[in-house]
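Enquirer: Sharing a structure with you now.
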Amino acid sequence: MKNYYYNPANMSDYSDFSISEFNVNYQSDKLKTYLRQMGSGDNGMSVKTNSYKKLKSNNVVWGNARYSNMTRKDLRYNENLDFERIAPYVTLDSVGGDINLENYHFAGGFAKKMKRYSFGLSGSYDAQMAYRSRDPRLRNTTSDLLLSAGINYKVYRNYQVGIFGEFNKYTQNSALSFVNAVSYPIVYQSIGFGYTNYFFNNSFKTQFEEFGYKIGGQISSKNGKDFYIIGTLSSSNNVKSVYPKNSNRYYDTSDLESKISQIEAAKFINLNNNRIGLILSYNSTIRTGEEYGYTSNSDNTEVIFKRKAYKKEHYTTSIKGLYQLSQEKYTVTAIPFLSYQEVTDRRIYPFSGQKYDSYTLGLDLDLKLEINKNQVLTFQPNYAFRNVNKAINALDTNVSSGKLEWIYDDFRILTSDITTVGAMLRYDLKIQKLPSFFVSGQWTTTRIKEKNNNFVGFSLGITF
């Protein structure tokens, strides 16, 4: 029900209990098959805390914070953060390398429930800092601010309708430098599929600025525990600017517009100790890139055109089932799911692109066992298989041999069948006069192109 709680007014009924948690985590991500612009995995430590508190007068507050310090391995053809947010308009070079990455996250909210109305307010702030201590020396920072509000109205008995909205502001600043001023790789400004903006190649400073919003509405019964229908529309525009060498200002080079629509419907039935549910959802993401053309024939660098040159469409339809058996000493939950995805990614001037569709079939299980009144064991295995039905390679080969090998390898990965198997095990223990503590471990293996990508994580924390 993650999408249901996009509306902060629904957080009044998120839980019947107040609970807080603090944990320290370690993760090791070793990828043998990976997209080069994403790197071969993040390794490092993180500290997290979250809290949900029920107050008097039907008020609730919640919040969470996180700090992580990671090493992102083998990054290449990308010198920016948040690749999926700004692609294909990244800064790249052929050398790359590991980067050190720090992430800070803070979020919180307040909700109040009255006789017929309920409302909520929430906000979050994320900041990242990345750097590399050898050539090409990267300094990159991001900030992401999100504010949201929602209101619900009870129209009849347990039925209520609601509306909500959010505002988002995002910025990213990146700079490259070289100690070796005699010999260094060419720095490119990518426009996708191996092509670059020749006019601004060897510009070392870039900036991204994005404004966005989301609006949504819902209808639900029994606070979403019986059924709900929720729909959202969101829009954002991300502007990339480049600061050329021997210049005194930034120049806009691309506008990346994103439009996302989503609808989700869920129905749940309780039969004695059994709970059955069905969730249907559809998501459409369309990203359109407009690119600027400049001339420097005169004394000034001037815009001579702006045209749409890039478009990516991503459609996902999914169905999830739910079965849960609750007994005095244990609960068993099974969530089978099936999704269908269609992706079309292309550009013009010059034309290059790719298209593929796939389905994913999987099963998530959850077993919670009360060993005694002071000990609980949780086991969560999962399995998923993705099968690609059809893939069309329309990539233009009129690029350098190194870039051609890179984009062809990306295409083979994106259109490969994928098998994922994993499990999480958690042990909770309550000691008299002390907070409850837990220890957990997670393992996931993803098989792509006959190679295994392995993720391992460990957590130690307390609940109170």
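Lettering and numbering for the structure tokens are positional, with chains as A, B, ... in the shown order, residues counted from 1 in each chain, and ligands counted from 1 in the shown order.
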Write out as a ChimeraX atom specification the residues lying within 9 Å of Ile335 in chain A, counting only C-alpha atoms and excluding same-chain residues fewer than 2 positions away.

Expert: /A:320-324,333,337,362-366

Enquirer: Need the shell around range 341-347 of chain A: protein/DNA/RNA residues with any atom at most 6 Å away, counting only C-alpha atoms. Skip same-chain ones fewer than 5 positions apart. Format as number ranges by chain?

Expert: A: 309-316, 352-358

Enquirer: Next, the residues of the selection above should be written as an mmCIF file, in the first residue's frame with N, CA, C and O atoms.

Expert:
```
data_model
loop_
_atom_site.group_PDB
_atom_site.id
_atom_site.type_symbol
_atom_site.label_atom_id
_atom_site.label_comp_id
_atom_site.auth_asym_id
_atom_site.auth_seq_id
_atom_site.Cartn_x
_atom_site.Cartn_y
_atom_site.Cartn_z
ATOM 1 N N ALA A 309 14.275 16.492 -29.594
ATOM 2 C CA ALA A 309 15.186 15.542 -30.230
ATOM 3 C C ALA A 309 15.264 14.200 -29.510
ATOM 4 O O ALA A 309 15.889 13.270 -30.023
ATOM 5 N N TYR A 310 14.634 14.073 -28.333
ATOM 6 C CA TYR A 310 14.752 12.828 -27.568
ATOM 7 C C TYR A 310 13.405 12.502 -26.930
ATOM 8 O O TYR A 310 12.680 13.397 -26.478
ATOM 9 N N LYS A 311 13.078 11.193 -26.890
ATOM 10 C CA LYS A 311 11.839 10.771 -26.242
ATOM 11 C C LYS A 311 11.986 9.341 -25.726
ATOM 12 O O LYS A 311 12.482 8.464 -26.435
ATOM 13 N N LYS A 312 11.547 9.149 -24.490
ATOM 14 C CA LYS A 312 11.529 7.809 -23.898
ATOM 15 C C LYS A 312 10.162 7.567 -23.291
ATOM 16 O O LYS A 312 9.654 8.381 -22.511
ATOM 17 N N GLU A 313 9.564 6.438 -23.649
ATOM 18 C CA GLU A 313 8.260 6.051 -23.129
ATOM 19 C C GLU A 313 8.397 4.726 -22.382
ATOM 20 O O GLU A 313 8.999 3.777 -22.887
ATOM 21 N N HIS A 314 7.836 4.703 -21.191
ATOM 22 C CA HIS A 314 7.930 3.511 -20.343
ATOM 23 C C HIS A 314 6.547 3.250 -19.747
ATOM 24 O O HIS A 314 6.030 4.068 -18.980
ATOM 25 N N TYR A 315 5.936 2.114 -20.113
ATOM 26 C CA TYR A 315 4.592 1.762 -19.648
ATOM 27 C C TYR A 315 4.671 0.454 -18.859
ATOM 28 O O TYR A 315 5.301 -0.510 -19.302
ATOM 29 N N THR A 316 4.022 0.439 -17.696
ATOM 30 C CA THR A 316 4.024 -0.748 -16.841
ATOM 31 C C THR A 316 2.606 -1.057 -16.372
ATOM 32 O O THR A 316 1.917 -0.172 -15.838
ATOM 33 N N SER A 352 18.459 7.367 -33.640
ATOM 34 C CA SER A 352 19.008 6.170 -33.016
ATOM 35 C C SER A 352 18.036 5.760 -31.922
ATOM 36 O O SER A 352 17.394 6.620 -31.300
ATOM 37 N N GLY A 353 17.876 4.456 -31.700
ATOM 38 C CA GLY A 353 16.931 4.064 -30.675
ATOM 39 C C GLY A 353 16.875 2.577 -30.432
ATOM 40 O O GLY A 353 17.580 1.778 -31.069
ATOM 41 N N GLN A 354 16.006 2.204 -29.493
ATOM 42 C CA GLN A 354 15.812 0.803 -29.130
ATOM 43 C C GLN A 354 14.420 0.650 -28.527
ATOM 44 O O GLN A 354 13.847 1.599 -27.979
ATOM 45 N N LYS A 355 13.882 -0.563 -28.652
ATOM 46 C CA LYS A 355 12.549 -0.838 -28.132
ATOM 47 C C LYS A 355 12.499 -2.286 -27.669
ATOM 48 O O LYS A 355 13.057 -3.176 -28.320
ATOM 49 N N TYR A 356 11.859 -2.508 -26.538
ATOM 50 C CA TYR A 356 11.716 -3.878 -26.040
ATOM 51 C C TYR A 356 10.530 -3.942 -25.084
ATOM 52 O O TYR A 356 10.093 -2.929 -24.518
ATOM 53 N N ASP A 357 9.984 -5.135 -24.941
ATOM 54 C CA ASP A 357 8.915 -5.358 -23.982
ATOM 55 C C ASP A 357 9.185 -6.654 -23.244
ATOM 56 O O ASP A 357 9.842 -7.570 -23.763
ATOM 57 N N SER A 358 8.695 -6.741 -22.022
ATOM 58 C CA SER A 358 8.991 -7.900 -21.181
ATOM 59 C C SER A 358 7.884 -8.094 -20.157
ATOM 60 O O SER A 358 7.095 -7.179 -19.882
#
```

Enquirer: To test your reading of the structure, identify every residue in range 14-252 of chain A that backbone DSSP assigns to alpha helix (DSSP H), and report it as a PyMOL selection string.

Expert: chain A and resi 83-86

Enquirer: With N, CA, C and O atoms retained, could you export that selection as an mmCIF file, in the first residue's frame?

Expert:
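The resulting file, part_36.cif, is reproduced below:
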```cif
data_model
loop_
_atom_site.group_PDB
_atom_site.id
_atom_site.type_symbol
_atom_site.label_atom_id
_atom_site.label_comp_id
_atom_site.auth_asym_id
_atom_site.auth_seq_id
_atom_site.Cartn_x
_atom_site.Cartn_y
_atom_site.Cartn_z
ATOM 1 N N PHE A 83 21.534 9.397 -12.293
ATOM 2 C CA PHE A 83 21.566 9.153 -13.736
ATOM 3 C C PHE A 83 20.177 8.996 -14.323
ATOM 4 O O PHE A 83 19.858 9.572 -15.374
ATOM 5 N N GLU A 84 19.313 8.221 -13.673
ATOM 6 C CA GLU A 84 17.994 7.947 -14.245
ATOM 7 C C GLU A 84 17.112 9.197 -14.273
ATOM 8 O O GLU A 84 16.126 9.251 -14.998
ATOM 9 N N ARG A 85 17.479 10.201 -13.497
ATOM 10 C CA ARG A 85 16.697 11.436 -13.461
ATOM 11 C C ARG A 85 17.080 12.388 -14.580
ATOM 12 O O ARG A 85 16.241 13.150 -15.067
ATOM 13 N N ILE A 86 18.336 12.376 -15.006
ATOM 14 C CA ILE A 86 18.820 13.364 -15.971
ATOM 15 C C ILE A 86 19.208 12.758 -17.312
ATOM 16 O O ILE A 86 19.489 13.493 -18.264
#
```

Enquirer: Considering only C-alpha atoms, tabulate each residue of range 30-118 of chain A that lies at most 9 Å from range 12-16 of chain A along with its nearest interatomic pair and the corresponding distance in Å to one decimal; arrange the rows by chain and ascending residue number and present them as CSV.

Expert:
```
residue,atom,partner,partner_atom,distance
A:Tyr52,CA,A:Ser15,CA,8.2
A:Lys54,CA,A:Ser12,CA,8.2
A:Asn58,CA,A:Ser12,CA,7.6
A:Asn59,CA,A:Ser12,CA,7.1
A:Val60,CA,A:Ser12,CA,6.0
A:Val61,CA,A:Ser12,CA,8.6
A:Phe110,CA,A:Ser12,CA,8.6
A:Ala111,CA,A:Ser12,CA,5.8
A:Lys112,CA,A:Ser12,CA,6.5
A:Lys113,CA,A:Ser12,CA,6.6
A:Ser118,CA,A:Ser12,CA,7.9
```

Enquirer: Taking 5 positions as the minimum chain separation for residues in the same chain, which residues sit within 9 Å of range 406-414 of chain A when counting only C-alpha atoms? Answer as a ChimeraX atom specification.

Expert: /A:33-36,77,193-194,354,356,393,395,401,448-449

Enquirer: Find the residues around Ser235 in chain A up to 8 Å (only C-alpha atoms counted), leave out those fewer than 6 positions away in its own chain, and share them as a count of residues only.

Expert: 7

Enquirer: Could you name the residues that touch Pro185 in chain A at 12 Å or less, counting only C-alpha atoms, but leaving out those on the same chain fewer than 5 positions away, as JSON, numbers by chain?

Expert: {"A": [77, 92, 93, 94, 95, 96, 135, 136, 137, 176, 177, 178, 180, 201, 202, 203, 204]}

Enquirer: Store the residues of this selection in a file with all heavy atoms, as a short mmCIF file (atom, residue, chain, number, x, y, z; two decimals), in the first residue's frame.

Expert:
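The resulting file, part-v7.cif, is reproduced below:
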```cif
data_model
loop_
_atom_site.label_atom_id
_atom_site.label_comp_id
_atom_site.auth_asym_id
_atom_site.auth_seq_id
_atom_site.Cartn_x
_atom_site.Cartn_y
_atom_site.Cartn_z
N TYR A 77 31.60 6.60 -18.39
CA TYR A 77 30.71 7.30 -19.31
C TYR A 77 29.61 8.07 -18.57
O TYR A 77 28.52 8.27 -19.11
CB TYR A 77 30.08 6.32 -20.32
CG TYR A 77 31.08 5.67 -21.24
CD1 TYR A 77 31.26 4.30 -21.23
CD2 TYR A 77 31.83 6.44 -22.14
CE1 TYR A 77 32.17 3.69 -22.08
CE2 TYR A 77 32.74 5.85 -23.00
CZ TYR A 77 32.92 4.47 -22.96
OH TYR A 77 33.81 3.87 -23.80
N LEU A 92 30.30 13.05 -19.66
CA LEU A 92 30.96 11.75 -19.68
C LEU A 92 32.38 11.86 -20.22
O LEU A 92 32.74 12.80 -20.91
CB LEU A 92 30.16 10.73 -20.49
CG LEU A 92 29.92 10.98 -21.98
CD1 LEU A 92 31.07 10.44 -22.83
CD2 LEU A 92 28.61 10.33 -22.41
N ASP A 93 33.17 10.86 -19.85
CA ASP A 93 34.48 10.65 -20.45
C ASP A 93 34.73 9.15 -20.46
O ASP A 93 33.97 8.37 -19.88
CB ASP A 93 35.58 11.39 -19.67
CG ASP A 93 35.67 10.95 -18.22
OD1 ASP A 93 36.11 9.82 -17.98
OD2 ASP A 93 35.29 11.74 -17.33
N SER A 94 35.77 8.74 -21.13
CA SER A 94 36.02 7.31 -21.31
C SER A 94 36.82 6.69 -20.16
O SER A 94 37.04 5.48 -20.17
CB SER A 94 36.77 7.08 -22.62
OG SER A 94 38.01 7.77 -22.62
N VAL A 95 37.25 7.49 -19.19
CA VAL A 95 38.10 6.97 -18.10
C VAL A 95 37.25 6.64 -16.88
O VAL A 95 37.19 5.50 -16.43
CB VAL A 95 39.21 7.97 -17.74
CG1 VAL A 95 40.03 7.45 -16.56
CG2 VAL A 95 40.10 8.22 -18.94
N GLY A 96 36.58 7.64 -16.31
CA GLY A 96 35.73 7.41 -15.14
C GLY A 96 36.50 6.86 -13.96
O GLY A 96 37.64 7.23 -13.71
N ASP A 135 42.49 11.81 -11.28
CA ASP A 135 41.95 12.29 -12.55
C ASP A 135 41.06 11.22 -13.21
O ASP A 135 41.43 10.03 -13.19
CB ASP A 135 43.10 12.62 -13.52
CG ASP A 135 43.83 13.89 -13.14
OD1 ASP A 135 43.41 14.52 -12.14
OD2 ASP A 135 44.81 14.24 -13.81
N PRO A 136 39.94 11.62 -13.77
CA PRO A 136 39.32 12.96 -13.72
C PRO A 136 38.69 13.21 -12.35
O PRO A 136 37.88 12.40 -11.87
CB PRO A 136 38.25 12.89 -14.82
CG PRO A 136 37.92 11.43 -14.94
CD PRO A 136 39.18 10.69 -14.62
N ARG A 137 39.10 14.31 -11.70
CA ARG A 137 38.68 14.62 -10.33
C ARG A 137 37.29 15.24 -10.33
O ARG A 137 37.10 16.32 -10.88
CB ARG A 137 39.71 15.54 -9.67
CG ARG A 137 41.08 14.86 -9.59
CD ARG A 137 42.18 15.79 -9.16
NE ARG A 137 43.45 15.11 -9.31
CZ ARG A 137 44.06 14.42 -8.34
NH1 ARG A 137 43.50 14.35 -7.14
NH2 ARG A 137 45.21 13.80 -8.56
N LEU A 176 34.53 19.00 -13.07
CA LEU A 176 35.67 18.11 -13.28
C LEU A 176 36.96 18.94 -13.32
O LEU A 176 36.96 20.08 -13.79
CB LEU A 176 35.54 17.34 -14.59
CG LEU A 176 34.52 16.20 -14.64
CD1 LEU A 176 34.40 15.68 -16.07
CD2 LEU A 176 34.92 15.08 -13.71
N SER A 177 38.03 18.33 -12.85
CA SER A 177 39.34 18.98 -12.94
C SER A 177 40.40 17.92 -13.15
O SER A 177 40.17 16.72 -12.89
CB SER A 177 39.64 19.80 -11.68
OG SER A 177 39.68 18.96 -10.54
N PHE A 178 41.58 18.35 -13.62
CA PHE A 178 42.67 17.44 -13.93
C PHE A 178 43.97 18.02 -13.36
O PHE A 178 44.29 19.19 -13.63
CB PHE A 178 42.81 17.23 -15.43
CG PHE A 178 41.61 16.58 -16.07
CD1 PHE A 178 40.55 17.36 -16.53
CD2 PHE A 178 41.54 15.21 -16.20
CE1 PHE A 178 39.45 16.78 -17.11
CE2 PHE A 178 40.43 14.62 -16.79
CZ PHE A 178 39.39 15.41 -17.25
N ASN A 180 46.86 16.53 -14.15
CA ASN A 180 47.70 16.41 -15.33
C ASN A 180 47.10 17.28 -16.44
O ASN A 180 46.15 16.90 -17.11
CB ASN A 180 47.77 14.95 -15.77
CG ASN A 180 48.75 14.73 -16.91
OD1 ASN A 180 49.20 15.69 -17.56
ND2 ASN A 180 49.09 13.47 -17.16
N ASN A 201 31.67 20.28 -25.96
CA ASN A 201 32.64 19.29 -25.50
C ASN A 201 33.84 19.99 -24.85
O ASN A 201 34.20 21.11 -25.22
CB ASN A 201 33.12 18.43 -26.67
CG ASN A 201 32.09 17.39 -27.06
OD1 ASN A 201 31.14 17.13 -26.31
ND2 ASN A 201 32.25 16.79 -28.23
N ASN A 202 34.43 19.30 -23.86
CA ASN A 202 35.54 19.84 -23.05
C ASN A 202 35.11 21.02 -22.19
O ASN A 202 35.94 21.88 -21.83
CB ASN A 202 36.74 20.20 -23.93
CG ASN A 202 37.64 19.01 -24.18
OD1 ASN A 202 37.74 18.10 -23.34
ND2 ASN A 202 38.31 18.99 -25.33
N SER A 203 33.82 21.06 -21.83
CA SER A 203 33.33 21.96 -20.78
C SER A 203 33.26 21.16 -19.49
O SER A 203 32.66 20.09 -19.44
CB SER A 203 31.95 22.51 -21.15
OG SER A 203 32.01 23.25 -22.35
N PHE A 204 33.87 21.68 -18.43
CA PHE A 204 34.07 20.89 -17.22
C PHE A 204 33.02 21.15 -16.13
O PHE A 204 33.00 20.44 -15.13
CB PHE A 204 35.46 21.14 -16.63
CG PHE A 204 36.58 20.71 -17.53
CD1 PHE A 204 37.87 21.20 -17.35
CD2 PHE A 204 36.37 19.82 -18.57
CE1 PHE A 204 38.90 20.80 -18.18
CE2 PHE A 204 37.39 19.42 -19.40
CZ PHE A 204 38.66 19.91 -19.21
#
```

Enquirer: Go through A:Leu146, A:Met11, A:Ile304, A:Ile263 one by one, measure the shortest atom-to-atom distance of each to Phe119 in chain A using only C-alpha atoms, and give the residue with the smallest value.

Expert: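 Looking only at the distances to Phe119 in chain A, the closest residue turns out to be A:Met11.
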
Enquirer: What's the 9 Å shell around range 238-244 of chain A, counting only C-alpha atoms, without same-chain residues fewer than 4 positions away, as an MDAnalysis selection string?

Expert: chainID A and resid 85:86 89:90 170:171 189 200:212 248:258

Enquirer: Using only C-alpha atoms, which of A:Ser57, A:Asn152, A:Ser459, A:Asn453 sits nearest Lys30 in chain A?

Expert: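 Selected residue with least distance to Lys30 in chain A: A:Asn453.
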
Enquirer: Please list as an MDAnalysis selection string every residue within 12 Å of range 270-280 of chain A, counting only C-alpha atoms and excluding residues in the same chain fewer than 6 positions away.

Expert: chainID A and resid 1:4 224:231 262:264 316:328 330:340

Enquirer: DSSP says strand (DSSP E) for which residues of range 3-66 of chain A? Put them as a ChimeraX atom specification?

Expert: /A:19-30,42-54,59-66
